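What's in my_file_1.pdb: PDB, C-alpha atoms, pLDDT in the B column
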ATOM      1  CA  GLN P   1     124.397  76.815 197.574  1.00 40.00           C
ATOM      2  CA  GLU P   2     121.666  79.423 197.486  1.00 47.00           C
ATOM      3  CA  ASP P   3     121.264  79.113 193.706  1.00 64.00           C
ATOM      4  CA  GLN P   4     120.340  75.425 193.776  1.00 82.00           C
ATOM      5  CA  TRP P   5     116.672  74.684 193.165  1.00 85.00           C
ATOM      6  CA  LEU P   6     114.281  71.998 192.094  1.00 91.00           C
ATOM      7  CA  ALA P   7     112.651  73.753 189.137  1.00 91.00           C
ATOM      8  CA  LEU P   8     109.058  73.259 188.066  1.00 92.00           C
ATOM      9  CA  ASP P   9     107.504  75.325 185.262  1.00 95.00           C
ATOM     10  CA  LEU P  10     103.920  74.498 184.356  1.00 97.00           C
ATOM     11  CA  GLN P  11     101.178  75.677 182.040  1.00 97.00           C
ATOM     12  CA  PHE P  12      97.521  75.091 182.858  1.00 98.00           C
ATOM     13  CA  SER P  13      94.413  75.582 180.728  1.00 97.00           C
ATOM     14  CA  ASP P  14      93.504  78.858 182.439  1.00 97.00           C
ATOM     15  CA  PHE P  15      94.148  81.126 185.404  1.00 97.00           C
ATOM     16  CA  LYS P  16      91.682  79.276 187.625  1.00 97.00           C
ATOM     17  CA  ASP P  17      93.512  75.955 187.184  1.00 97.00           C
ATOM     18  CA  ALA P  18      96.875  77.632 187.789  1.00 97.00           C
ATOM     19  CA  TRP P  19      95.558  79.292 190.935  1.00 96.00           C
ATOM     20  CA  GLN P  20      94.098  76.001 192.212  1.00 96.00           C
ATOM     21  CA  PHE P  21      97.539  74.452 191.862  1.00 96.00           C
ATOM     22  CA  ILE P  22      99.106  77.378 193.755  1.00 95.00           C
ATOM     23  CA  ALA P  23      96.510  77.038 196.529  1.00 95.00           C
ATOM     24  CA  HIS P  24      97.202  73.299 196.793  1.00 93.00           C
ATOM     25  CA  GLU P  25     100.945  73.935 196.824  1.00 91.00           C
ATOM     26  CA  ALA P  26     100.578  76.569 199.559  1.00 91.00           C
ATOM     27  CA  GLU P  27      98.717  74.149 201.830  1.00 91.00           C
ATOM     28  CA  ALA P  28     101.215  71.358 201.180  1.00 91.00           C
ATOM     29  CA  ALA P  29     104.201  73.666 201.710  1.00 87.00           C
ATOM     30  CA  ASP P  30     102.771  75.017 204.946  1.00 86.00           C
ATOM     31  CA  ALA P  31     102.260  71.480 206.253  1.00 88.00           C
ATOM     32  CA  GLN P  32     105.674  70.208 205.100  1.00 84.00           C
ATOM     33  CA  HIS P  33     107.611  73.418 205.856  1.00 75.00           C
ATOM     34  CA  PRO P  34     109.573  74.144 202.704  1.00 71.00           C
ATOM     35  CA  HIS P  35     108.382  77.472 201.329  1.00 76.00           C
ATOM     36  CA  PRO P  36     109.142  77.694 197.619  1.00 84.00           C
ATOM     37  CA  ASN P  37     109.488  80.724 195.440  1.00 87.00           C
ATOM     38  CA  TRP P  38     106.927  80.983 192.677  1.00 88.00           C
ATOM     39  CA  TYR P  39     105.904  83.277 189.890  1.00 91.00           C
ATOM     40  CA  ASN P  40     102.491  83.217 188.233  1.00 94.00           C
ATOM     41  CA  VAL P  41     101.292  84.878 185.045  1.00 93.00           C
ATOM     42  CA  TYR P  42      97.788  83.911 183.924  1.00 95.00           C
ATOM     43  CA  ASN P  43      97.981  80.153 183.242  1.00 96.00           C
ATOM     44  CA  THR P  44     101.682  79.576 183.939  1.00 96.00           C
ATOM     45  CA  VAL P  45     103.360  78.831 187.242  1.00 95.00           C
ATOM     46  CA  GLN P  46     107.112  78.834 187.715  1.00 94.00           C
ATOM     47  CA  MET P  47     108.225  77.324 190.996  1.00 91.00           C
ATOM     48  CA  ARG P  48     111.604  76.815 192.612  1.00 90.00           C
ATOM     49  CA  LEU P  49     111.919  74.506 195.595  1.00 90.00           C
ATOM     50  CA  SER P  50     114.763  75.125 198.012  1.00 87.00           C
ATOM     51  CA  THR P  51     115.049  75.111 201.785  1.00 84.00           C
ATOM     52  CA  HIS P  52     116.066  78.669 202.553  1.00 79.00           C
ATOM     53  CA  ASP P  53     117.453  78.029 206.037  1.00 81.00           C
ATOM     54  CA  ALA P  54     119.638  75.231 204.627  1.00 81.00           C
ATOM     55  CA  GLN P  55     120.631  77.410 201.652  1.00 79.00           C
ATOM     56  CA  GLY P  56     119.909  74.629 199.201  1.00 83.00           C
ATOM     57  CA  ILE P  57     117.904  71.532 198.400  1.00 90.00           C
ATOM     58  CA  THR P  58     116.981  69.156 201.219  1.00 91.00           C
ATOM     59  CA  GLY P  59     114.786  66.105 201.635  1.00 93.00           C
ATOM     60  CA  ARG P  60     111.882  68.412 202.479  1.00 91.00           C
ATOM     61  CA  ASP P  61     112.029  69.833 198.961  1.00 92.00           C
ATOM     62  CA  PHE P  62     111.934  66.366 197.422  1.00 94.00           C
ATOM     63  CA  ASP P  63     109.007  65.450 199.701  1.00 93.00           C
ATOM     64  CA  LEU P  64     107.076  68.516 198.574  1.00 92.00           C
ATOM     65  CA  ALA P  65     107.915  67.769 194.932  1.00 93.00           C
ATOM     66  CA  ALA P  66     106.491  64.252 195.378  1.00 94.00           C
ATOM     67  CA  THR P  67     103.301  65.709 196.888  1.00 93.00           C
ATOM     68  CA  LEU P  68     102.967  68.092 193.953  1.00 94.00           C
ATOM     69  CA  ASP P  69     103.552  65.250 191.480  1.00 95.00           C
ATOM     70  CA  LEU P  70     100.618  63.347 193.023  1.00 96.00           C
ATOM     71  CA  TYR P  71      98.379  66.386 192.561  1.00 95.00           C
ATOM     72  CA  LEU P  72      99.572  66.991 189.019  1.00 96.00           C
ATOM     73  CA  ALA P  73      98.910  63.363 188.042  1.00 96.00           C
ATOM     74  CA  ASN P  74      95.193  64.194 188.136  1.00 95.00           C
ATOM     75  CA  VAL P  75      95.267  67.679 186.583  1.00 95.00           C
ATOM     76  CA  THR P  76      95.577  68.675 182.948  1.00 96.00           C
ATOM     77  CA  HIS P  77      98.788  70.642 182.529  1.00 97.00           C
ATOM     78  CA  THR P  78     101.919  70.930 180.421  1.00 97.00           C
ATOM     79  CA  THR P  79     105.367  70.761 181.970  1.00 95.00           C
ATOM     80  CA  LEU P  80     107.529  73.484 180.439  1.00 94.00           C
ATOM     81  CA  PRO P  81     111.328  73.689 180.254  1.00 92.00           C
ATOM     82  CA  PRO P  82     112.626  75.569 183.314  1.00 88.00           C
ATOM     83  CA  THR P  83     113.373  79.224 182.740  1.00 83.00           C
ATOM     84  CA  SER P  84     116.038  81.357 184.371  1.00 77.00           C
ATOM     85  CA  ILE P  85     113.517  83.763 185.894  1.00 64.00           C
ATOM     86  CA  PHE P  86     114.661  82.983 189.431  1.00 52.00           C
ATOM     87  CA  LYS P  87     118.298  83.888 189.972  1.00 52.00           C
ATOM     88  CA  SER P  88     120.188  84.480 193.163  1.00 49.00           C
ATOM     89  CA  ALA P  89     121.108  88.044 193.872  1.00 44.00           C
TER      90      ALA P  89
END

Here is the file; what I need is its structure written in the form of structure tokens.
Amino acid sequence: QEDQWLALDLQFSDFKDAWQFIAHEAEAADAQHPHPNWYNVYNTVQMRLSTHDAQGITGRDFDLAATLDLYLANVTHTTLPPTSIFKSA
């Protein structure tokens, strides 16, 4: 279903750290081909992984999530509870 996502909401120490994560995610997503939805305000990033052409979660989304987890293992951040900011229309 279109409203199924892998949700990741994060808080970083500042905007620069949040933007570095977004830049890393963009490179990884471009290489791995899932293109997530994200929302950024200052030091927070809210991301939803879903393969749009499959209209739901696929192995590509889990692969990207694993790549992001490796990056996050070496970066100071706080994982936040997922919000409902991304809803299907």

Given the point (95.0, 67.8, 181.3) in the coordinates of this file, which residues lie within 12 Å, counting all atoms listed in the file, and how would they look as a PyMOL selection string? chain P and resi 10-14+17-18+71-79

Would you save the residues of that selection, restricted to C-alpha atoms, as a CSV table (one decimal), in the coordinates of the input?
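Final output, selection_3.csv:
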chain,number,residue,atom,x,y,z
P,10,LEU,CA,103.9,74.5,184.4
P,11,GLN,CA,101.2,75.7,182.0
P,12,PHE,CA,97.5,75.1,182.9
P,13,SER,CA,94.4,75.6,180.7
P,14,ASP,CA,93.5,78.9,182.4
P,17,ASP,CA,93.5,76.0,187.2
P,18,ALA,CA,96.9,77.6,187.8
P,71,TYR,CA,98.4,66.4,192.6
P,72,LEU,CA,99.6,67.0,189.0
P,73,ALA,CA,98.9,63.4,188.0
P,74,ASN,CA,95.2,64.2,188.1
P,75,VAL,CA,95.3,67.7,186.6
P,76,THR,CA,95.6,68.7,182.9
P,77,HIS,CA,98.8,70.6,182.5
P,78,THR,CA,101.9,70.9,180.4
P,79,THR,CA,105.4,70.8,182.0

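Of the residues under consideration (P:Leu49, P:Leu70, P:Val41, P:Ile57), P:Val41 shows the shortest atom-to-atom contact distance to Phe15 of chain P when counting all atoms listed in the file.
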
Between atom CA of Tyr42 of chain P and atom CA of Arg60 of chain P, measure the distance and give it in Å to one decimal. 28.0 Å

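Omitting Met47 of chain P and its sequence neighbours fewer than 5 positions away, and counting only C-alpha atoms, the residues within 8 Å are Ala7, Leu8, Asp9, Pro36, Asn37, Trp38 and Tyr39 of chain P.
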
Explicit residues for the PyMOL selection byres ((chain P and resi 25) around 10) (as a ChimeraX atom specification): /P:19-24,26-31,35-36,47,64-65,67-68,71

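Closest to Pro81 of chain P among P:Asn40, P:Gln46, P:Gln32, P:Gln4 is P:Gln46, based on all atoms listed in the file.
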
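When atom CA of Pro34 of chain P is paired with atom CA of Thr58 of chain P, their separation reads 9.1 Å.
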
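Atom pair atom CA of Thr51 of chain P / atom CA of Asp63 of chain P has a distance of 11.6 Å (rounded to one decimal).
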
Listed atoms of segment 67-80 of chain P boxed along x, y and z, 8 Å each side, centre and edge lengths in Å, one decimal, as JSON:
{"center_x": 101.4, "center_y": 68.4, "center_z": 188.7, "size_x": 28.3, "size_y": 26.1, "size_z": 32.5}

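Each of P:Asn43, P:Asp69, P:Gln55, P:Arg48 was compared to Trp5 of chain P using all atoms listed in the file, and P:Arg48 turns out to be the nearest.
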
Write out N, CA and C atoms for segment 3-37 of chain P, as a PDB file, in the frame of the given file.
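Generated output (out-v7.pdb):
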ATOM      1  N   ASP P   3     121.825  79.124 195.058  1.00 64.00           N
ATOM      2  CA  ASP P   3     121.264  79.113 193.706  1.00 64.00           C
ATOM      3  C   ASP P   3     120.888  77.717 193.234  1.00 64.00           C
ATOM      4  N   GLN P   4     120.765  76.767 194.140  1.00 82.00           N
ATOM      5  CA  GLN P   4     120.340  75.425 193.776  1.00 82.00           C
ATOM      6  C   GLN P   4     118.846  75.276 194.060  1.00 82.00           C
ATOM      7  N   TRP P   5     118.118  74.809 193.063  1.00 85.00           N
ATOM      8  CA  TRP P   5     116.672  74.684 193.165  1.00 85.00           C
ATOM      9  C   TRP P   5     116.208  73.400 192.498  1.00 85.00           C
ATOM     10  N   LEU P   6     115.042  72.928 192.905  1.00 91.00           N
ATOM     11  CA  LEU P   6     114.281  71.998 192.094  1.00 91.00           C
ATOM     12  C   LEU P   6     113.332  72.886 191.298  1.00 91.00           C
ATOM     13  N   ALA P   7     113.429  72.856 189.995  1.00 91.00           N
ATOM     14  CA  ALA P   7     112.651  73.753 189.137  1.00 91.00           C
ATOM     15  C   ALA P   7     111.415  73.048 188.601  1.00 91.00           C
ATOM     16  N   LEU P   8     110.304  73.774 188.606  1.00 92.00           N
ATOM     17  CA  LEU P   8     109.058  73.259 188.066  1.00 92.00           C
ATOM     18  C   LEU P   8     108.337  74.397 187.371  1.00 92.00           C
ATOM     19  N   ASP P   9     108.216  74.320 186.052  1.00 95.00           N
ATOM     20  CA  ASP P   9     107.504  75.325 185.262  1.00 95.00           C
ATOM     21  C   ASP P   9     106.329  74.625 184.593  1.00 95.00           C
ATOM     22  N   LEU P  10     105.137  75.161 184.807  1.00 97.00           N
ATOM     23  CA  LEU P  10     103.920  74.498 184.356  1.00 97.00           C
ATOM     24  C   LEU P  10     103.011  75.462 183.612  1.00 97.00           C
ATOM     25  N   GLN P  11     102.215  74.906 182.710  1.00 97.00           N
ATOM     26  CA  GLN P  11     101.178  75.677 182.040  1.00 97.00           C
ATOM     27  C   GLN P  11      99.863  74.926 182.217  1.00 97.00           C
ATOM     28  N   PHE P  12      98.851  75.653 182.658  1.00 98.00           N
ATOM     29  CA  PHE P  12      97.521  75.091 182.858  1.00 98.00           C
ATOM     30  C   PHE P  12      96.577  75.641 181.798  1.00 98.00           C
ATOM     31  N   SER P  13      95.347  75.148 181.757  1.00 97.00           N
ATOM     32  CA  SER P  13      94.413  75.582 180.728  1.00 97.00           C
ATOM     33  C   SER P  13      93.959  77.022 180.926  1.00 97.00           C
ATOM     34  N   ASP P  14      93.932  77.486 182.178  1.00 97.00           N
ATOM     35  CA  ASP P  14      93.504  78.858 182.439  1.00 97.00           C
ATOM     36  C   ASP P  14      94.010  79.313 183.809  1.00 97.00           C
ATOM     37  N   PHE P  15      93.703  80.543 184.138  1.00 97.00           N
ATOM     38  CA  PHE P  15      94.148  81.126 185.404  1.00 97.00           C
ATOM     39  C   PHE P  15      93.577  80.376 186.601  1.00 97.00           C
ATOM     40  N   LYS P  16      92.318  79.992 186.507  1.00 97.00           N
ATOM     41  CA  LYS P  16      91.682  79.276 187.625  1.00 97.00           C
ATOM     42  C   LYS P  16      92.433  77.984 187.954  1.00 97.00           C
ATOM     43  N   ASP P  17      92.778  77.200 186.947  1.00 97.00           N
ATOM     44  CA  ASP P  17      93.512  75.955 187.184  1.00 97.00           C
ATOM     45  C   ASP P  17      94.902  76.224 187.757  1.00 97.00           C
ATOM     46  N   ALA P  18      95.553  77.270 187.249  1.00 97.00           N
ATOM     47  CA  ALA P  18      96.875  77.632 187.789  1.00 97.00           C
ATOM     48  C   ALA P  18      96.748  78.034 189.246  1.00 97.00           C
ATOM     49  N   TRP P  19      95.737  78.824 189.560  1.00 96.00           N
ATOM     50  CA  TRP P  19      95.558  79.292 190.935  1.00 96.00           C
ATOM     51  C   TRP P  19      95.188  78.141 191.863  1.00 96.00           C
ATOM     52  N   GLN P  20      94.411  77.174 191.396  1.00 96.00           N
ATOM     53  CA  GLN P  20      94.098  76.001 192.212  1.00 96.00           C
ATOM     54  C   GLN P  20      95.363  75.227 192.546  1.00 96.00           C
ATOM     55  N   PHE P  21      96.267  75.111 191.589  1.00 96.00           N
ATOM     56  CA  PHE P  21      97.539  74.452 191.862  1.00 96.00           C
ATOM     57  C   PHE P  21      98.325  75.230 192.919  1.00 96.00           C
ATOM     58  N   ILE P  22      98.381  76.553 192.786  1.00 95.00           N
ATOM     59  CA  ILE P  22      99.106  77.378 193.755  1.00 95.00           C
ATOM     60  C   ILE P  22      98.494  77.212 195.146  1.00 95.00           C
ATOM     61  N   ALA P  23      97.176  77.201 195.233  1.00 95.00           N
ATOM     62  CA  ALA P  23      96.510  77.038 196.529  1.00 95.00           C
ATOM     63  C   ALA P  23      96.841  75.678 197.136  1.00 95.00           C
ATOM     64  N   HIS P  24      96.834  74.637 196.303  1.00 93.00           N
ATOM     65  CA  HIS P  24      97.202  73.299 196.793  1.00 93.00           C
ATOM     66  C   HIS P  24      98.656  73.296 197.267  1.00 93.00           C
ATOM     67  N   GLU P  25      99.522  73.890 196.475  1.00 91.00           N
ATOM     68  CA  GLU P  25     100.945  73.935 196.824  1.00 91.00           C
ATOM     69  C   GLU P  25     101.144  74.684 198.129  1.00 91.00           C
ATOM     70  N   ALA P  26     100.421  75.776 198.335  1.00 91.00           N
ATOM     71  CA  ALA P  26     100.578  76.569 199.559  1.00 91.00           C
ATOM     72  C   ALA P  26     100.206  75.748 200.780  1.00 91.00           C
ATOM     73  N   GLU P  27      99.119  74.996 200.706  1.00 91.00           N
ATOM     74  CA  GLU P  27      98.717  74.149 201.830  1.00 91.00           C
ATOM     75  C   GLU P  27      99.752  73.061 202.088  1.00 91.00           C
ATOM     76  N   ALA P  28     100.221  72.424 201.029  1.00 91.00           N
ATOM     77  CA  ALA P  28     101.215  71.358 201.180  1.00 91.00           C
ATOM     78  C   ALA P  28     102.521  71.911 201.741  1.00 91.00           C
ATOM     79  N   ALA P  29     102.950  73.061 201.238  1.00 87.00           N
ATOM     80  CA  ALA P  29     104.201  73.666 201.710  1.00 87.00           C
ATOM     81  C   ALA P  29     104.089  74.067 203.174  1.00 87.00           C
ATOM     82  N   ASP P  30     102.953  74.609 203.560  1.00 86.00           N
ATOM     83  CA  ASP P  30     102.771  75.017 204.946  1.00 86.00           C
ATOM     84  C   ASP P  30     102.824  73.808 205.877  1.00 86.00           C
ATOM     85  N   ALA P  31     102.251  72.694 205.443  1.00 88.00           N
ATOM     86  CA  ALA P  31     102.260  71.480 206.253  1.00 88.00           C
ATOM     87  C   ALA P  31     103.640  70.825 206.303  1.00 88.00           C
ATOM     88  N   GLN P  32     104.392  70.904 205.192  1.00 84.00           N
ATOM     89  CA  GLN P  32     105.674  70.208 205.100  1.00 84.00           C
ATOM     90  C   GLN P  32     106.864  71.119 205.392  1.00 84.00           C
ATOM     91  N   HIS P  33     106.652  72.393 205.454  1.00 75.00           N
ATOM     92  CA  HIS P  33     107.611  73.418 205.856  1.00 75.00           C
ATOM     93  C   HIS P  33     108.657  73.892 204.863  1.00 75.00           C
ATOM     94  N   PRO P  34     108.771  73.382 203.653  1.00 71.00           N
ATOM     95  CA  PRO P  34     109.573  74.144 202.704  1.00 71.00           C
ATOM     96  C   PRO P  34     108.663  75.228 202.129  1.00 71.00           C
ATOM     97  N   HIS P  35     109.184  76.381 201.871  1.00 76.00           N
ATOM     98  CA  HIS P  35     108.382  77.472 201.329  1.00 76.00           C
ATOM     99  C   HIS P  35     109.025  77.942 200.033  1.00 76.00           C
ATOM    100  N   PRO P  36     108.515  77.434 198.915  1.00 84.00           N
ATOM    101  CA  PRO P  36     109.142  77.694 197.619  1.00 84.00           C
ATOM    102  C   PRO P  36     108.913  79.118 197.133  1.00 84.00           C
ATOM    103  N   ASN P  37     109.705  79.481 196.181  1.00 87.00           N
ATOM    104  CA  ASN P  37     109.488  80.724 195.440  1.00 87.00           C
ATOM    105  C   ASN P  37     108.639  80.364 194.228  1.00 87.00           C
TER     106      ASN P  37
END
